[in-house]
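Everything below concerns the one structure shown next.
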There are 2 protein chains.
Amino acid sequence: MKPVREHNLGLVLRRVAEEGPRSRATLALETGLNKSTVSSLVADLIDAGLLRDSPVEERPTRVGRPPQSVELDPEGPFVLGLEINVDYLAVWATDLAGEVRHRSFVANDNRAATPKDVIALLARLAEDALEQPFAGSRHPMLATVAVPGLVDADGELAVAPNLGWTDVPVARLLNEALEDPPYCLRVENEANLGAVAELVEGAGRGLSDFVYVSGEIGIGAGVVLRGELFRGASGFAGEFGHLTIDPFGPPCGCGGRGCLERLAGQDTLLRLAGWDARMRRAGARPEWPGAMLADSARAGHSRTLAALSQVGHTLGIAIASLANLLDPEAVLLGGYLAPLSPWLTVPIYAELETRALAGRRMRCRVLPARLGGEAAVRGAVALGRRAALEEAAALPVAAR
Amino acid sequence: MKPVREHNLGLVLRRVAEEGPRSRATLALETGLNKSTVSSLVADLIDAGLLRDSPVEERPTRVGRPPQSVELDPEGPFVLGLEINVDYLAVWATDLAGEVRHRSFVANDNRAATPKDVIALLARLAEDALEQPFAGSRHPMLATVAVPGLVDADGELAVAPNLGWTDVPVARLLNEALEDPPYCLRVENEANLGAVAELVEGAGRGLSDFVYVSGEIGIGAGVVLRGELFRGASGFAGEFGHLTIDPFGPPCGCGGRGCLERLAGQDTLLRLAGWDARMRRAGARPEWPGAMLADSARAGHSRTLAALSQVGHTLGIAIASLANLLDPEAVLLGGYLAPLSPWLTVPIYAELETRALAGRRMRCRVLPARLGGEAAVRGAVALGRRAALEEAAALPVAAR
DNA sequence: CTAGTTTGTTGAGCGCCCCAACTAATTGCA
DNA sequence: TGCAATTAGTTGGGGCGCTCAACAAACTAG
């Protein structure tokens, strides 16, 4: 009920986490706290195994006693990021500093398997990560699972169209499948986690309001508002692919008509560019359509260029609606859209300028995402890491 | 830098503001603070002129010493809500408790006048309010101005299409026109303030994520996320009327095509229902179209009913896009849409069910707004009042 | 080697919250 | 009427945790 110490511990810890190793003196300067207070806070954090004295010297050849930097303790808490996607599973493990300590990727056709089997396999991969020597610590462990579908407020996977799953309690099943369940396990939509990843270490760094558009098999989005992921009232925010573009357009799998995903999704784009969409199914890598179409566009194939222009205009209409509603600082194009952004941004900007009421007064930039196919796992660890930093601050006061 | 006292003062003050008069004992129970702490906090707030002992006895015939309730001091700080609209000006003044102490409304064709003259007139109305006896207090005074246009992050009115104004520094001009400028003066979009009003005392009470759709001459919206007004990166969020419904539809005044406002705005609705839109200009009251069309619909005029159905479907498409993106708890229909909602909700829900991906899993309700044409002024005072409560907590610590 | 400079630590002081004891004001019951 | 019982509010002691100032530590410059 009176978490002032906890608050300040968190302040110092997060500062070190976000800005890197630094001395007590600079921490005092940056946080506005007193030198002696910072010393005491840092001592507690070291006792709790969250920080350690750093060999890195922060010293631009100045006079005076050399500062003693502290950094995140790599032996401290660690974090798991898991991903279930249509045709693969992935697991990453990092320490508090965000250093990736373990990484695995397994191709697996998850549409063909039952949820239970898939989650059992994922649990095996997670346990491999936990076997790593660095995982022997007594610290709490957080895990986040990225899934390609709608996750409701209780963490249950309500529906994953491209996986063919409905109402799968992923968190519960995974907890049961794990020998030693983590301190906290959460499940989150893939595009949402992609947005978090871009926010923390990608094209969204430093931004506070943006939308990450994830072009996978469908088109999803993660919405970041005021520097935080926005999930919506039931956890279903960001279904950008089902914005209506043409009310009487072709029917979409969702039951609507003329959805963005139907008019500008991967299948349509490939078809417009002259490829048979079914080629995709033939075991290609996930990054296939983006890289291939970019090659084709670079080679100047007119049909590809026309397809990209058309899809760009369609995307632009949707992005203009989004901009009218939310006025974000930027829209990030992720997934297969990222490598195609050189050809997409021009038509998108054109639509934005004619259709966004605030026109050029609002500078909504359209940028390629930076993290490619790793965005979702990266976001999973990043979210877990952020939560760990938040909660870890409560640790030293409890340990007293 | 160590606002723990301030925080607790605010906690107590806001509790009383939101939940009404109550005793120190119940405040202690509700805030989790100690009885003695609450006593001390309340004493400070009384000293600062923010609270006073209340004659109201909170006593459900129980044994023991009767509690001494405290309530917001009506002699405390006061708040102005101003509104500049197309054909009228309005000023409300309330005390901290939200009790309206002064109210004025002046019909005035603001399109025909220069911004400077309009603001001078508004300043005169504001000064009338300040002449009131209760305004003689030493307390800070906050004012908020509602305007029907885009307000940028600096509080400048960038563009007000229906007023014909562009780049009017309303805050600066009003400050100059006022003899004794307020402690803090802010300018905010009309629909945004309508959303705040509905949040505080209308259909949005208790909700944390909703969108208020304001049907005035244009269609705007105020977006409330996590219980707070969301303004967007440049302050231009909520331009719901310019969502694209039909990319190749009729041109809209904004430069786009097939905007919601063009396809389902007031003019179109009246035309579809068989009225000449120009009749509106002929000096009718602002609530004219809603009340009149509702009468006509109640009378069973088939052309009106068909028009409402068509507009409802169009609105529903836009609301489905919004719901896909933000997953709000509710959408409130305000302005002239409120009295029409009995005929609009059915087609809107129909579109929501077919077009929102999460379908009936997400319960996005569509409700009529409750505050009618007063929403914007009410929101203006409510926003000022909320800010006053926030800042007033800093007062007692400064006064020490 | 000493003066100057910057970092980190130590102990006094203090704001502010909690706790417990106490006073105040009422009801219930003998 | 009067004395428990009960609930509200106040008062003073204690302690957590922050700030401040003085000091010790570790280095550079000349």
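By convention here, the chains of the structure tokens are called A, B, ... in the order presented, each chain's residues are numbered starting at 1, and ligands are numbered starting at 1 in the order presented.
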TODO: With a cut-off of 9 Å and counting only C-alpha atoms (C1' of nucleotides), select all residues of chain B in contact with chain D and give the selection as a PyMOL selection string.
DONE: chain B and resi 2+23-25+35-36+39+62-68
Open item on the list: Could you tell me which residues of chain A sit within 7 Å of chain B when counting only C-alpha atoms, and give me the result as a ChimeraX atom specification?
Closed with: /A:209,232-234,236-240,242-247,254-256,317,321,324-329,354-355,357-358,362
Open item on the list: Among region 167-348 of chain A, which residues does DSSP mark as helix (DSSP H, G or I) when it is run on the backbone? Keep the chain and numbering as in the structure and answer as an NGL selection string.
Closed with: :A and (170-177 or 190-201 or 240-242 or 260-264 or 266-272 or 278-281 or 288-298 or 302-326 or 341-348)
TODO: Give as number ranges by chain every residue of chain C that touches chain B within 7 Å, counting only C-alpha atoms (C1' of nucleotides).
DONE: C: 17-18, 25-27
Save out the residues we just selected, N, CA and C atoms (P, O5', C5', C4', C3', O3' and C1' of nucleotides), as a compact mmCIF listing (two decimals), in the first residue's frame.
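For reference, out28.txt as written:
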# COMPACT_ATOMS: atom_id res chain seq x y z
P DC C 17 1.37 11.00 4.24
O5' DC C 17 1.12 9.46 4.55
C5' DC C 17 2.01 8.48 4.04
C4' DC C 17 2.27 7.42 5.08
C3' DC C 17 1.02 6.90 5.76
O3' DC C 17 0.84 5.52 5.49
C1' DC C 17 2.74 7.39 7.34
P DC C 18 -0.48 4.80 6.08
O5' DC C 18 0.08 4.11 7.40
C5' DC C 18 1.17 3.20 7.32
C4' DC C 18 1.48 2.66 8.70
C3' DC C 18 0.26 2.08 9.43
O3' DC C 18 0.61 0.82 10.00
C1' DC C 18 1.31 3.74 10.76
P DA C 25 -18.26 15.59 21.77
O5' DA C 25 -19.34 14.55 21.23
C5' DA C 25 -19.36 14.24 19.85
C4' DA C 25 -20.20 13.01 19.63
C3' DA C 25 -21.59 13.05 20.26
O3' DA C 25 -22.54 12.72 19.28
C1' DA C 25 -20.50 11.05 20.78
P DT C 26 -24.04 13.30 19.39
O5' DT C 26 -24.91 11.99 19.57
C5' DT C 26 -25.06 11.10 18.49
C4' DT C 26 -24.92 9.66 18.91
C3' DT C 26 -26.09 9.02 19.62
O3' DT C 26 -27.08 8.59 18.71
C1' DT C 26 -23.97 8.11 20.24
P DT C 27 -28.48 8.01 19.26
O5' DT C 27 -28.15 6.48 19.53
C5' DT C 27 -27.79 5.62 18.44
C4' DT C 27 -27.67 4.19 18.92
C3' DT C 27 -28.96 3.60 19.51
O3' DT C 27 -29.12 2.26 19.06
C1' DT C 27 -27.22 3.51 21.12
Task: Non-local contacts of Gln310 (chain B) (10 Å; only C-alpha atoms (C1' of nucleotides); under 6 positions in same chain excluded) as a ChimeraX atom specification - done: /B:263-264,269,272,304,316,344,347-348
